[in-house]
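A.B. asks: My structure is in upload.txt, and what it holds is compact mmCIF, C-alpha atoms and all ligand atoms:
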# COMPACT_ATOMS: atom_id res chain seq x y z
CA MET V 1388 25.14 -0.83 5.09
CA PHE V 1389 21.75 0.52 4.27
CA LEU V 1390 21.77 1.38 0.61
CA ASP V 1391 19.26 4.02 -0.37
CA GLU V 1392 20.91 5.56 -3.41
CA VAL V 1393 22.39 3.82 -6.41
CA GLU V 1394 23.37 4.72 -9.92
CA ILE V 1395 22.75 2.10 -12.53
CA SER V 1396 22.83 1.69 -16.28
CA ILE V 1397 20.07 -0.26 -17.89
CA ARG V 1398 19.86 -1.59 -21.39
CA ALA V 1399 16.88 -3.12 -23.07
CA GLY V 1400 17.38 -6.01 -25.48
CA LYS V 1401 18.03 -5.56 -29.18
CA GLY V 1402 15.36 -6.82 -31.54
CA GLY V 1403 16.26 -9.92 -33.53
CA ASN V 1404 17.06 -9.46 -37.22
CA GLY V 1405 14.45 -10.25 -39.80
CA CYS V 1406 15.28 -13.20 -42.02
CA VAL V 1407 15.80 -13.37 -45.77
CA SER V 1408 14.53 -16.68 -47.04
CA PHE V 1409 12.62 -18.12 -49.98
CA HIS V 1410 10.19 -20.93 -49.92
CA ARG V 1411 11.71 -24.15 -51.18
CA GLU V 1412 9.82 -27.25 -52.01
CA LYS V 1413 10.29 -30.06 -54.45
CA TYR V 1414 8.87 -29.21 -57.86
CA VAL V 1415 8.27 -25.61 -56.88
CA VAL V 1416 10.73 -23.68 -58.93
CA LYS V 1417 10.62 -20.23 -57.49
CA GLY V 1418 9.09 -20.07 -54.04
CA GLY V 1419 7.99 -16.78 -52.59
CA PRO V 1420 9.86 -14.99 -49.78
CA ASP V 1421 9.19 -16.56 -46.38
CA GLY V 1422 11.73 -14.93 -44.03
CA GLY V 1423 10.19 -14.48 -40.59
CA ASN V 1424 10.37 -11.46 -38.30
CA GLY V 1425 12.93 -11.11 -35.56
CA GLY V 1426 11.67 -11.24 -31.98
CA HIS V 1427 11.37 -8.00 -30.00
CA GLY V 1428 14.08 -7.21 -27.49
CA GLY V 1429 13.26 -7.51 -23.80
CA ASN V 1430 12.25 -4.38 -21.88
CA VAL V 1431 13.70 -3.30 -18.59
CA LEU V 1432 10.93 -2.80 -16.07
CA ILE V 1433 11.27 -1.40 -12.58
CA ARG V 1434 8.73 -2.70 -10.11
CA ALA V 1435 8.01 -1.58 -6.58
CA THR V 1436 7.65 -4.38 -4.08
CA ALA V 1437 6.73 -4.40 -0.43
CA ASN V 1438 9.21 -7.25 0.05
CA LYS V 1439 12.26 -5.06 -0.16
CA ASN V 1440 13.46 -2.37 2.24
CA THR V 1441 16.73 -1.35 0.63
CA LEU V 1442 18.49 -1.05 -2.69
CA HIS V 1443 21.20 -3.36 -1.45
CA HIS V 1444 20.68 -5.88 -4.22
CA PHE V 1445 21.96 -3.31 -6.75
CA LYS V 1446 25.29 -3.11 -5.04
CA GLY V 1447 28.30 -3.84 -7.19
CA VAL V 1448 26.38 -4.28 -10.41
CA LYS V 1449 26.52 -1.42 -12.85
CA LEU V 1450 24.77 -2.62 -15.97
CA PHE V 1451 21.43 -4.36 -16.04
CA ALA V 1452 20.50 -5.69 -19.45
CA ALA V 1453 17.41 -7.44 -20.76
CA LYS V 1454 17.70 -10.24 -23.30
CA ASN V 1455 17.91 -9.71 -27.04
CA GLY V 1456 15.25 -11.03 -29.37
CA ASN V 1457 16.13 -13.97 -31.60
CA GLY V 1458 16.39 -13.67 -35.35
CA GLY V 1459 13.53 -14.69 -37.60
CA GLU V 1460 13.78 -17.88 -39.63
CA GLY V 1461 12.67 -19.29 -42.92
CA GLY V 1462 9.20 -20.70 -43.31
CA ASN V 1463 7.82 -17.46 -41.83
CA ARG V 1464 8.99 -18.46 -38.39
CA ALA V 1465 9.29 -15.50 -36.05
CA GLY V 1466 12.21 -15.28 -33.64
CA ARG V 1467 11.53 -15.57 -29.95
CA ALA V 1468 11.19 -12.30 -28.07
CA GLY V 1469 13.89 -11.45 -25.53
CA GLN V 1470 12.82 -11.80 -21.93
CA ASP V 1471 12.04 -8.64 -20.00
CA LEU V 1472 14.27 -7.81 -17.09
CA VAL V 1473 12.32 -6.82 -13.99
CA LEU V 1474 14.26 -4.87 -11.38
CA GLU V 1475 12.57 -4.88 -8.00
CA VAL V 1476 12.84 -1.86 -5.77
CA PRO V 1477 11.26 -0.99 -2.42
CA VAL V 1478 8.01 0.96 -2.41
CA GLY V 1479 9.01 4.62 -2.19
CA THR V 1480 11.80 4.50 -4.74
CA LEU V 1481 12.31 7.58 -6.86
CA ILE V 1482 13.78 7.16 -10.32
CA LEU V 1483 15.84 10.03 -11.67
CA GLU V 1484 17.41 10.60 -15.05
CA ASN V 1485 19.96 13.39 -15.41
CA GLY V 1486 18.97 14.64 -11.99
CA LYS V 1487 15.33 14.92 -13.03
CA LEU V 1488 12.63 12.92 -11.30
CA ILE V 1489 10.90 10.72 -13.82
CA VAL V 1490 8.80 8.56 -11.56
CA ASP V 1491 8.08 7.85 -7.91
CA LEU V 1492 6.98 4.27 -7.32
CA ILE V 1493 4.66 4.46 -4.36
CA GLN V 1494 2.50 1.37 -4.56
CA ASP V 1495 3.29 -2.27 -4.18
CA GLY V 1496 3.39 -3.78 -7.64
CA GLU V 1497 3.58 -0.49 -9.47
CA THR V 1498 5.69 -1.02 -12.56
CA PHE V 1499 7.55 1.42 -14.72
CA LEU V 1500 8.72 0.69 -18.22
CA ALA V 1501 12.22 2.10 -17.94
CA THR V 1502 13.72 1.16 -21.28
CA ARG V 1503 11.99 -0.25 -24.27
CA GLY V 1504 13.29 -3.29 -26.08
CA GLY V 1505 14.16 -2.85 -29.75
CA LEU V 1506 11.68 -3.84 -32.42
CA GLY V 1507 12.28 -7.11 -34.14
CA GLY V 1508 13.29 -6.59 -37.77
CA LYS V 1509 10.75 -7.58 -40.37
CA GLY V 1510 11.57 -10.59 -42.49
CA ASN V 1511 11.69 -10.33 -46.26
CA ALA V 1512 8.20 -11.82 -46.55
CA ASN V 1513 6.93 -8.39 -45.43
CA PHE V 1514 8.47 -6.52 -48.32
CA CYS V 1515 6.72 -8.13 -51.24
CA SER V 1516 4.94 -5.76 -53.52
CA SER V 1517 3.93 -5.62 -57.15
CA THR V 1518 7.22 -3.98 -58.01
CA ARG V 1519 9.30 -6.00 -55.62
CA GLN V 1520 8.37 -9.65 -55.90
CA LEU V 1521 11.50 -11.25 -54.55
CA PRO V 1522 12.86 -8.95 -51.84
CA ARG V 1523 16.34 -10.05 -50.91
CA PHE V 1524 16.53 -7.92 -47.83
CA ALA V 1525 15.11 -7.88 -44.32
CA GLU V 1526 15.19 -5.36 -41.52
CA LEU V 1527 17.80 -5.39 -38.82
CA GLY V 1528 16.65 -5.60 -35.24
CA GLU V 1529 16.39 -2.24 -33.51
CA PRO V 1530 18.85 -1.69 -30.68
CA GLY V 1531 17.31 -1.54 -27.22
CA GLU V 1532 17.12 1.78 -25.37
CA GLU V 1533 19.86 2.52 -22.86
CA LYS V 1534 19.66 4.81 -19.87
CA ASP V 1535 21.65 5.84 -16.86
CA LEU V 1536 19.36 6.13 -13.89
CA LYS V 1537 19.66 7.04 -10.30
CA LEU V 1538 17.45 5.24 -7.82
CA GLU V 1539 16.75 7.00 -4.59
CA LEU V 1540 14.79 5.43 -1.81
CA LYS V 1541 12.56 7.38 0.49
CA LEU V 1542 10.72 4.75 2.43
CA LEU V 1543 7.00 5.07 2.58
CA ALA V 1544 5.33 4.11 5.81
CA ASP V 1545 2.24 5.27 7.66
CA VAL V 1546 3.92 5.29 11.04
CA GLY V 1547 7.55 6.03 11.81
CA ILE V 1548 8.88 4.83 15.16
CA ILE V 1549 11.42 7.31 16.47
CA GLY V 1550 13.30 7.81 19.69
CA LEU V 1551 16.69 7.57 21.37
CA PRO V 1552 18.64 4.32 21.06
CA SER V 1553 17.44 1.34 23.14
CA VAL V 1554 14.05 2.78 24.04
CA GLY V 1555 12.35 -0.29 22.56
CA LYS V 1556 11.52 0.74 18.98
CA SER V 1557 12.44 -2.57 17.39
CA THR V 1558 10.77 -4.47 20.20
CA LEU V 1559 7.54 -2.58 19.55
CA ILE V 1560 7.51 -3.27 15.80
CA SER V 1561 8.09 -6.95 16.56
CA VAL V 1562 5.07 -6.92 18.86
CA VAL V 1563 2.67 -5.22 16.45
CA SER V 1564 3.78 -6.78 13.15
CA ALA V 1565 5.51 -9.81 11.72
CA ALA V 1566 8.78 -7.89 11.38
CA ARG V 1567 11.61 -9.54 13.32
CA PRO V 1568 14.41 -7.01 13.64
CA LYS V 1569 17.41 -7.48 15.86
CA ILE V 1570 16.75 -6.46 19.46
CA ALA V 1571 19.48 -6.01 22.04
CA ASP V 1572 20.27 -4.04 25.17
CA TYR V 1573 23.00 -1.94 23.57
CA HIS V 1574 22.68 1.26 21.56
CA PHE V 1575 22.47 1.32 17.77
CA THR V 1576 21.25 -2.22 17.43
CA THR V 1577 19.16 -1.20 14.46
CA LEU V 1578 21.34 -0.13 11.56
CA THR V 1579 18.74 0.05 8.81
CA PRO V 1580 15.04 0.85 8.90
CA ASN V 1581 12.68 -2.10 9.19
CA LEU V 1582 9.21 -2.13 7.78
CA GLY V 1583 6.33 -4.07 9.28
CA VAL V 1584 2.70 -4.37 8.32
CA VAL V 1585 0.21 -4.02 11.14
CA ASN V 1586 -3.10 -5.85 10.77
CA HIS V 1587 -5.55 -4.44 13.22
CA ARG V 1588 -9.33 -4.59 13.22
CA GLY V 1589 -9.45 -5.48 9.58
CA GLU V 1590 -7.25 -2.54 8.58
CA THR V 1591 -3.59 -2.53 7.70
CA PHE V 1592 -0.89 0.05 7.93
CA VAL V 1593 2.86 0.10 7.49
CA VAL V 1594 5.18 0.91 10.37
CA SER V 1595 8.86 1.64 10.03
CA ASP V 1596 11.32 1.18 12.84
CA MET V 1597 14.20 3.60 12.50
CA PRO V 1598 17.70 3.49 13.91
CA GLY V 1599 17.98 5.43 17.16
CA LEU V 1600 18.48 9.18 16.98
CA ILE V 1601 20.82 11.09 19.27
CA LYS V 1602 21.55 14.72 19.97
CA GLY V 1603 23.27 16.12 16.90
CA ALA V 1604 21.69 13.55 14.56
CA SER V 1605 20.50 16.31 12.26
CA GLN V 1606 24.15 17.32 11.82
CA GLY V 1607 25.25 13.79 11.15
CA LYS V 1608 25.97 12.42 14.60
CA GLY V 1609 25.23 8.75 15.21
CA LEU V 1610 23.38 6.82 12.57
CA GLY V 1611 20.04 8.44 12.49
CA HIS V 1612 20.70 11.38 10.25
CA GLN V 1613 20.86 9.28 7.11
CA PHE V 1614 17.45 7.96 7.95
CA LEU V 1615 15.75 11.20 8.83
CA LYS V 1616 14.94 11.76 5.18
CA HIS V 1617 12.97 8.51 5.29
CA ALA V 1618 10.87 10.02 8.05
CA GLU V 1619 9.73 12.73 5.66
CA ARG V 1620 7.16 10.47 4.13
CA VAL V 1621 5.47 9.02 7.20
CA ARG V 1622 2.04 10.19 8.31
CA ILE V 1623 2.50 9.97 12.06
CA PHE V 1624 5.29 9.24 14.50
CA TRP V 1625 5.26 6.97 17.44
CA HIS V 1626 7.76 8.80 19.55
CA LEU V 1627 9.12 6.35 22.11
CA VAL V 1628 10.52 7.57 25.40
CA ASP V 1629 11.87 5.08 27.96
CA SER V 1630 9.75 5.63 31.06
CA ASN V 1631 12.71 4.50 33.19
CA SER V 1632 15.12 7.05 31.77
CA PRO V 1633 16.63 9.46 34.32
CA LYS V 1634 15.44 12.40 32.19
CA PRO V 1635 12.50 11.37 30.01
CA LEU V 1636 11.46 14.94 29.19
CA THR V 1637 14.95 15.86 28.06
CA ASP V 1638 15.01 12.70 25.92
CA TRP V 1639 11.80 13.74 24.27
CA ARG V 1640 12.94 17.33 23.68
CA THR V 1641 16.23 16.14 22.21
CA ILE V 1642 14.46 14.19 19.49
CA ARG V 1643 11.93 16.95 18.79
CA GLU V 1644 14.81 19.35 18.36
CA GLU V 1645 16.65 17.08 15.94
CA LEU V 1646 13.54 16.63 13.82
CA ARG V 1647 13.05 20.36 13.64
CA LYS V 1648 16.67 21.04 12.80
CA PHE V 1649 16.80 18.41 10.08
CA ASN V 1650 13.64 19.61 8.40
CA PRO V 1651 11.02 21.84 10.00
CA GLU V 1652 8.35 19.92 8.15
CA LEU V 1653 9.25 16.83 10.16
CA ALA V 1654 8.25 18.70 13.28
CA GLN V 1655 4.79 19.22 11.78
CA ILE V 1656 4.07 15.52 11.45
CA PRO V 1657 1.65 14.50 14.22
CA GLU V 1658 3.23 12.39 16.92
CA VAL V 1659 1.90 9.98 19.45
CA LEU V 1660 3.94 9.93 22.63
CA VAL V 1661 4.69 6.41 23.77
CA LEU V 1662 6.18 5.83 27.22
CA SER V 1663 7.87 2.44 26.93
CA LYS V 1664 8.99 -0.33 29.28
CA ALA V 1665 6.11 0.24 31.70
CA ASP V 1666 6.70 -3.19 33.22
CA LEU V 1667 9.92 -1.86 34.78
CA ALA V 1668 8.31 1.14 36.43
CA GLU V 1669 5.89 1.76 39.27
CA ASN V 1670 2.38 2.64 38.24
CA ASN V 1671 2.53 5.69 40.40
CA SER V 1672 5.56 7.15 38.80
CA LEU V 1673 4.18 6.31 35.34
CA GLN V 1674 1.08 8.33 36.08
CA LYS V 1675 3.16 11.25 37.30
CA LEU V 1676 5.34 11.05 34.22
CA ALA V 1677 2.37 10.96 31.88
CA ALA V 1678 0.95 13.99 33.66
CA LYS V 1679 4.22 15.87 33.30
CA PHE V 1680 4.28 15.19 29.59
CA GLY V 1681 0.65 16.20 29.41
CA GLU V 1682 1.68 19.70 30.52
CA LYS V 1683 4.23 19.97 27.75
CA THR V 1684 2.46 18.52 24.78
CA ASP V 1685 -0.99 18.13 23.28
CA SER V 1686 0.03 14.82 21.79
CA LYS V 1687 -1.85 11.76 22.91
CA ILE V 1688 0.18 9.76 25.45
CA PHE V 1689 0.28 5.98 25.80
CA VAL V 1690 2.04 3.91 28.39
CA ILE V 1691 3.13 0.58 26.97
CA SER V 1692 5.04 -2.56 27.77
CA ALA V 1693 6.26 -5.03 25.18
CA PRO V 1694 6.32 -8.15 27.36
CA THR V 1695 2.87 -7.60 28.91
CA HIS V 1696 1.36 -5.85 25.85
CA ARG V 1697 -0.01 -3.21 28.15
CA GLY V 1698 -1.26 -0.24 26.16
CA VAL V 1699 -0.49 -1.78 22.76
CA GLU V 1700 -4.12 -2.37 21.76
CA GLU V 1701 -4.99 1.21 22.72
CA LEU V 1702 -2.05 2.57 20.78
CA LEU V 1703 -3.15 0.68 17.67
CA ASN V 1704 -6.80 1.75 18.03
CA PHE V 1705 -5.85 5.37 18.34
CA SER V 1706 -3.37 5.18 15.48
CA LEU V 1707 -5.99 3.73 13.16
CA GLU V 1708 -8.24 6.61 14.06
CA ILE V 1709 -5.76 9.36 13.35
CA LEU V 1710 -4.44 7.66 10.25
CA ALA V 1711 -7.98 7.77 8.96
CA GLN V 1712 -8.08 11.49 9.72
CA THR V 1713 -4.64 12.65 8.66
CA LYS V 1714 -4.42 13.50 5.07
CA SER V 1715 -2.06 11.11 3.44
CA THR V 1716 1.31 12.72 3.01
CA LYS V 1717 2.09 10.10 0.48
CA PRO V 1718 2.37 11.67 -2.91
CA GLU V 1719 -0.92 11.61 -4.74
CA VAL V 1720 -1.14 8.59 -6.94
CA LYS V 1721 -0.66 10.35 -10.19
CA LYS V 1722 -1.16 7.79 -12.83
CA GLU V 1723 1.05 9.42 -15.31
CA LEU V 1724 3.20 6.40 -15.79
CA PRO V 1725 3.99 6.01 -19.43
CA ILE V 1726 1.47 3.60 -20.83
CA PHE V 1727 2.90 0.15 -21.17
CA ARG V 1728 3.15 -0.18 -24.91
CA PRO V 1729 6.51 -1.53 -25.84
CA HIS V 1730 7.62 -2.48 -29.29
CA MET V 1731 5.67 -0.01 -31.28
CA GLU V 1732 6.76 1.43 -34.50
CA ALA V 1733 7.48 5.08 -33.93
CA GLN V 1734 4.12 6.68 -34.58
CA SER V 1735 5.27 10.00 -35.83
CA LYS V 1736 6.09 10.35 -39.47
CA ALA V 1737 7.04 13.95 -38.85
CA TYR V 1738 10.44 14.88 -40.19
CA ALA V 1739 12.81 17.76 -40.62
CA VAL V 1740 15.33 18.29 -43.39
CA LYS V 1741 18.43 20.37 -42.86
CA LYS V 1742 20.66 21.37 -45.73
CA LYS V 1743 24.18 20.95 -44.40
CA ASN V 1744 25.75 21.97 -47.70
CA LYS V 1745 25.04 21.54 -51.39
CA LYS V 1746 25.93 17.88 -51.23
CA LEU V 1747 24.60 16.80 -47.82
CA PHE V 1748 21.13 16.87 -46.30
CA ILE V 1749 20.35 15.71 -42.79
CA VAL V 1750 16.99 14.13 -42.19
CA THR V 1751 15.55 13.65 -38.72
CA GLY V 1752 12.22 12.32 -37.50
CA PRO V 1753 11.06 9.45 -35.29
CA ARG V 1754 9.85 6.91 -37.83
CA ILE V 1755 12.31 7.67 -40.62
CA GLU V 1756 15.20 7.39 -38.20
CA GLN V 1757 13.87 4.10 -36.87
CA ILE V 1758 13.65 2.75 -40.42
CA ALA V 1759 17.20 3.89 -41.15
CA VAL V 1760 18.54 2.27 -37.99
CA MET V 1761 16.82 -0.96 -38.92
CA SER V 1762 18.04 -0.96 -42.52
CA ASN V 1763 21.18 -2.62 -43.69
CA PHE V 1764 22.80 0.11 -45.78
CA ALA V 1765 25.20 -2.43 -47.25
CA ASN V 1766 22.28 -4.10 -49.01
CA PRO V 1767 21.18 -2.15 -52.10
CA GLU V 1768 17.64 -3.46 -51.87
CA ALA V 1769 17.32 -2.33 -48.27
CA VAL V 1770 18.60 1.08 -49.32
CA ALA V 1771 16.09 1.12 -52.15
CA ARG V 1772 13.31 0.64 -49.63
CA VAL V 1773 14.56 3.63 -47.62
CA GLN V 1774 14.56 5.66 -50.83
CA ASP V 1775 10.92 4.64 -51.36
CA VAL V 1776 10.01 5.64 -47.83
CA LEU V 1777 11.69 9.03 -48.27
CA GLU V 1778 9.42 9.64 -51.22
CA LYS V 1779 6.33 8.30 -49.49
CA PHE V 1780 6.81 10.49 -46.40
CA GLY V 1781 7.23 13.59 -48.59
CA ILE V 1782 10.84 13.99 -47.55
CA GLY V 1783 12.04 13.73 -51.14
CA ARG V 1784 9.86 16.68 -52.12
CA GLU V 1785 11.30 18.73 -49.29
CA ILE V 1786 14.86 17.92 -50.35
CA ARG V 1787 14.07 18.98 -53.92
CA ARG V 1788 12.55 22.18 -52.61
CA LEU V 1789 15.81 22.90 -50.80
CA GLY V 1790 17.73 22.42 -54.04
CA GLY V 1791 18.73 18.79 -53.65
CA ALA V 1792 18.96 16.52 -56.68
CA GLU V 1793 19.98 13.00 -57.59
CA GLY V 1794 23.40 12.15 -56.20
CA VAL V 1795 23.32 14.28 -53.04
CA LYS V 1796 24.00 12.51 -49.78
CA ILE V 1797 21.35 12.07 -47.15
CA GLU V 1798 22.23 11.40 -43.56
CA ILE V 1799 19.66 9.72 -41.33
CA ALA V 1800 20.42 8.55 -37.79
CA GLY V 1801 24.13 8.68 -38.54
CA LYS V 1802 23.83 6.58 -41.70
CA ILE V 1803 24.42 7.97 -45.17
CA LEU V 1804 22.89 7.06 -48.51
CA VAL V 1805 23.20 8.53 -51.97
CA TRP V 1806 19.84 9.86 -53.03
CA TRP V 1807 18.15 8.68 -56.15
CA GLY V 1808 16.46 12.00 -56.52
N1 LIG A 1 11.39 -4.77 30.24
C1 LIG A 1 11.25 -4.31 29.01
N2 LIG A 1 12.30 -4.29 28.19
C2 LIG A 1 12.12 -3.83 26.94
C3 LIG A 1 10.88 -3.37 26.46
N3 LIG A 1 11.03 -2.96 25.18
C4 LIG A 1 12.32 -3.18 24.87
N4 LIG A 1 12.99 -3.69 25.91
C5 LIG A 1 14.42 -4.04 25.94
O1 LIG A 1 15.18 -2.89 25.68
C6 LIG A 1 16.34 -3.21 24.94
C7 LIG A 1 16.41 -2.36 23.69
O2 LIG A 1 15.34 -2.72 22.87
P1 LIG A 1 15.33 -2.46 21.30
O3 LIG A 1 13.96 -2.79 20.83
O4 LIG A 1 16.48 -3.12 20.64
O5 LIG A 1 15.54 -0.89 21.30
P2 LIG A 1 15.67 0.11 20.05
O6 LIG A 1 14.96 1.34 20.42
O7 LIG A 1 15.23 -0.58 18.83
O8 LIG A 1 17.22 0.36 20.07
P3 LIG A 1 18.19 0.83 18.83
O9 LIG A 1 17.86 0.01 17.65
O10 LIG A 1 19.55 0.56 19.33
O11 LIG A 1 17.94 2.27 18.64
C8 LIG A 1 16.27 -4.69 24.66
O12 LIG A 1 17.06 -5.38 25.59
C9 LIG A 1 14.80 -5.00 24.86
O13 LIG A 1 14.59 -6.34 25.26
C10 LIG A 1 9.78 -3.38 27.38
O14 LIG A 1 8.66 -3.00 27.10
N5 LIG A 1 10.03 -3.86 28.64
MG MG A 2 16.21 -1.00 17.16
Kindly return the structure encoded in the file as structure tokens.
Ligand SMILES: Nc1nc2c(ncn2[C@@H]2O[C@H](COP(=O)(O)OP(=O)(O)OP(=O)(O)O)[C@@H](O)[C@H]2O)c(=O)[nH]1
Ligand SMILES: [Mg+2]

C.D. replies:
Amino acid sequence: MFLDEVEISIRAGKGGNGCVSFHREKYVVKGGPDGGNGGHGGNVLIRATANKNTLHHFKGVKLFAAKNGNGGEGGNRAGRAGQDLVLEVPVGTLILENGKLIVDLIQDGETFLATRGGLGGKGNANFCSSTRQLPRFAELGEPGEEKDLKLELKLLADVGIIGLPSVGKSTLISVVSAARPKIADYHFTTLTPNLGVVNHRGETFVVSDMPGLIKGASQGKGLGHQFLKHAERVRIFWHLVDSNSPKPLTDWRTIREELRKFNPELAQIPEVLVLSKADLAENNSLQKLAAKFGEKTDSKIFVISAPTHRGVEELLNFSLEILAQTKSTKPEVKKELPIFRPHMEAQSKAYAVKKKNKKLFIVTGPRIEQIAVMSNFANPEAVARVQDVLEKFGIGREIRRLGGAEGVKIEIAGKILVWWG
């Protein structure tokens, strides 16, 4: 089945723990601290690729996790960073979080940093100071971010090939591009859209071959209705009508009607009328048919044949021309992707202090919470460092202002310490 919507959980890697170690060497009595930093956790990246047409490869897997960073080691050796996990999705994939669109990947290679790996914890060598010469603590690795995301595919193509079943849509894409979809003389051969890249006169454009539409498709009949939403993002249609059909005009109207019913905007997309299988018809009757269509539509009409290639060159020439004219309906490339800067210390030292009661204060703020998460509260020296940071950030002053004193409890990121005051 064509998979164009999936829900996945992604988890970036945890940073490796910093190491507590002291330099040891013969004849050196008291070596200095030399515990290395933990490696950063791997990020989860989502990358659009032209090599995929569906989200099928996500089927059955719920959690996608990047690798954790390794712990630091003695001798100031840093732990290895966890490998990033790159999830490939087709171009045209929307990424939603809690029902809200966060990004629309519309270009081949476009990459979105979906969850950030945790920072590696600093080794004890980083915590030397004049007052703390032999730090016996190191930071813990930061956990990686986790998210539940929904991926929704709306294929992006310049040209969408539409028409009733068996009119020759797949045959045409196989003639104009390297795509090799299944072709057969029964209806509904094509079950999922196929994309093909057309190279013509030094230009390229992407064509998508859709499953056949039938009357009632907009209400869910046949297969086509699930694919009509993919037609929303094409710039022009090649509307194929079998020139040997008993009622070509009715065929054409049927599809126009379904487009309109599904989404009136679809009916606004310019179409090129393509009368297919010309090799099976008399030239005379083809001319008459083209004339009849000419009375009903202003669309440009081409008569083509896949085996003889009649009309194909002309169709491509004309399509290049109108593609150059039509304003791209592709979403504007808004380069508002979050800048790729993983593994940064939280920049903001902003904080807020809430007095829960006389004995408990809750402290929030990006950097202070990150420090708390990365501190081992079972290690008194690590706690002492948090106490120092509270003072340095001005949080201590704020707690005093709110009536706090030595011995009150302070909760940060779910962890609790007893304040030194
Ligand atoms: N003689 C002739 N036969 C053609 C031509 N184009 C397609 N056919 C035949 O028509 C049949 C249907 O072709 P497909 O390309 O599978 O048609 P489709 O529109 O993709 O059909 P669905 O995927 O089922 O909607 C096949 O047997 C093709 O070989 C053509 O130009 N001339
Ligand atoms: Mg087909």

A.B. asks: Enumerate as number ranges by chain the residues within 12 Å of ligand MG 2 (chain A), counting only C-alpha atoms and all ligand atoms.

C.D. replies: V: 1548-1561, 1566-1582, 1595-1600, 1610-1611, 1627

A.B. asks: At a cut-off of 9 Å around the point (-3.1, 3.6, 24.7) (file coordinates), what residues fall inside when counting all atoms listed in the file? I'd like the answer as an MDAnalysis selection string.

C.D. replies: chainID V and resid 1661 1687:1691 1697:1705

A.B. asks: Record the distance separating CA of Asn1631 in chain V and CA of His1587 in chain V, expressed in Å with one decimal.

C.D. replies: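 Those two atoms sit 28.5 Å apart.
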
A.B. asks: Using 3 Å of padding on each side, determine the axis-aligned box around all atoms of ligand LIG 1 (chain A) present in the file and give its centre and edge lengths in Å to one decimal, as JSON.

C.D. replies:
{"center_x": 14.1, "center_y": -2.0, "center_z": 23.9, "size_x": 16.9, "size_y": 14.6, "size_z": 18.6}

A.B. asks: What residues have an atom no more than 12 Å from (25.6, 9.2, -35.9) in the file's own frame, counting all atoms listed in the file, and can you write them as a list in words?

C.D. replies: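 Every residue inside that radius is included here: Ile1749, Val1750, Thr1751, Glu1756, Ala1759, Val1760, Glu1798, Ile1799, Ala1800, Gly1801, Lys1802 and Ile1803 of chain V.
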
A.B. asks: Please report the interatomic distance between CA of Trp1806 in chain V and CA of Gln1734 in chain V in Å with one decimal.

C.D. replies: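 So the two atoms, CA of Trp1806 in chain V and CA of Gln1734 in chain V, lie 24.4 Å apart.
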
A.B. asks: Please determine, counting all atoms listed in the file, which residue among V:Ile1709, V:Val1593, V:Val1584, V:Val1562 has the shortest atom-to-atom distance to ligand LIG 1 (chain A).

C.D. replies: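 When distances to ligand LIG 1 (chain A) are compared using all atoms listed in the file, the smallest one comes from V:Val1562.
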
A.B. asks: Which one is closest to ligand LIG 1 (chain A): V:Gly1781, V:Gly1791, V:Gly1429, V:Gly1609? Count all atoms listed in the file.

C.D. replies: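 Counting all atoms listed in the file, the residue closest to ligand LIG 1 (chain A) is V:Gly1609.
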
A.B. asks: Please provide the set of residues having any atom within 10 Å of Leu1488 in chain V, restricted to all atoms listed in the file, with same-chain residues fewer than 2 positions apart removed, written as a PyMOL selection string.

C.D. replies: chain V and resi 1481-1486+1490-1491+1536-1539

A.B. asks: Could you check the closest approach to ligand LIG 1 (chain A) for each of V:Asp1421, V:Glu1644, V:Glu1529, V:Asp1666 and tell me which residue wins, using only C-alpha atoms and all ligand atoms?

C.D. replies: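 For ligand LIG 1 (chain A), the nearest of the candidates is V:Asp1666.
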
A.B. asks: Out of V:Val1431, V:Ala1665, V:Ile1642, V:Leu1474, which residue has the shortest atom-to-atom distance to ligand LIG 1 (chain A) when counting all atoms listed in the file?

C.D. replies: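 Result for the nearest residue to ligand LIG 1 (chain A): V:Ala1665.
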
A.B. asks: Taking all atoms listed in the file into account, which of V:Lys1634, V:Phe1445, V:Gly1462, V:Gly1428 comes nearest Arg1411 in chain V?

C.D. replies: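 Using all atoms listed in the file, the shortest distance to Arg1411 in chain V belongs to V:Gly1462.
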
A.B. asks: As an exercise, work out the distance from CA of Val1407 in chain V to CA of Gly1508 in chain V in Å and give it to one decimal place.

C.D. replies: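 So the answer is 10.8 Å.
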
A.B. asks: Can you pull out the residues contacting Ile1782 in chain V? Cut-off 8 Å, using all atoms listed in the file, and skip same-chain residues under 5 positions away; I want them as a list in words.

C.D. replies: Tyr1738, Val1740 and Leu1777 of chain V

A.B. asks: Which residue out of V:Ala1654, V:Leu1660, V:Leu1636, V:Leu1527 has the minimum interatomic distance to Asn1766 in chain V when only C-alpha atoms are used?

C.D. replies: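 So, comparing all the options, the nearest one is V:Leu1527.
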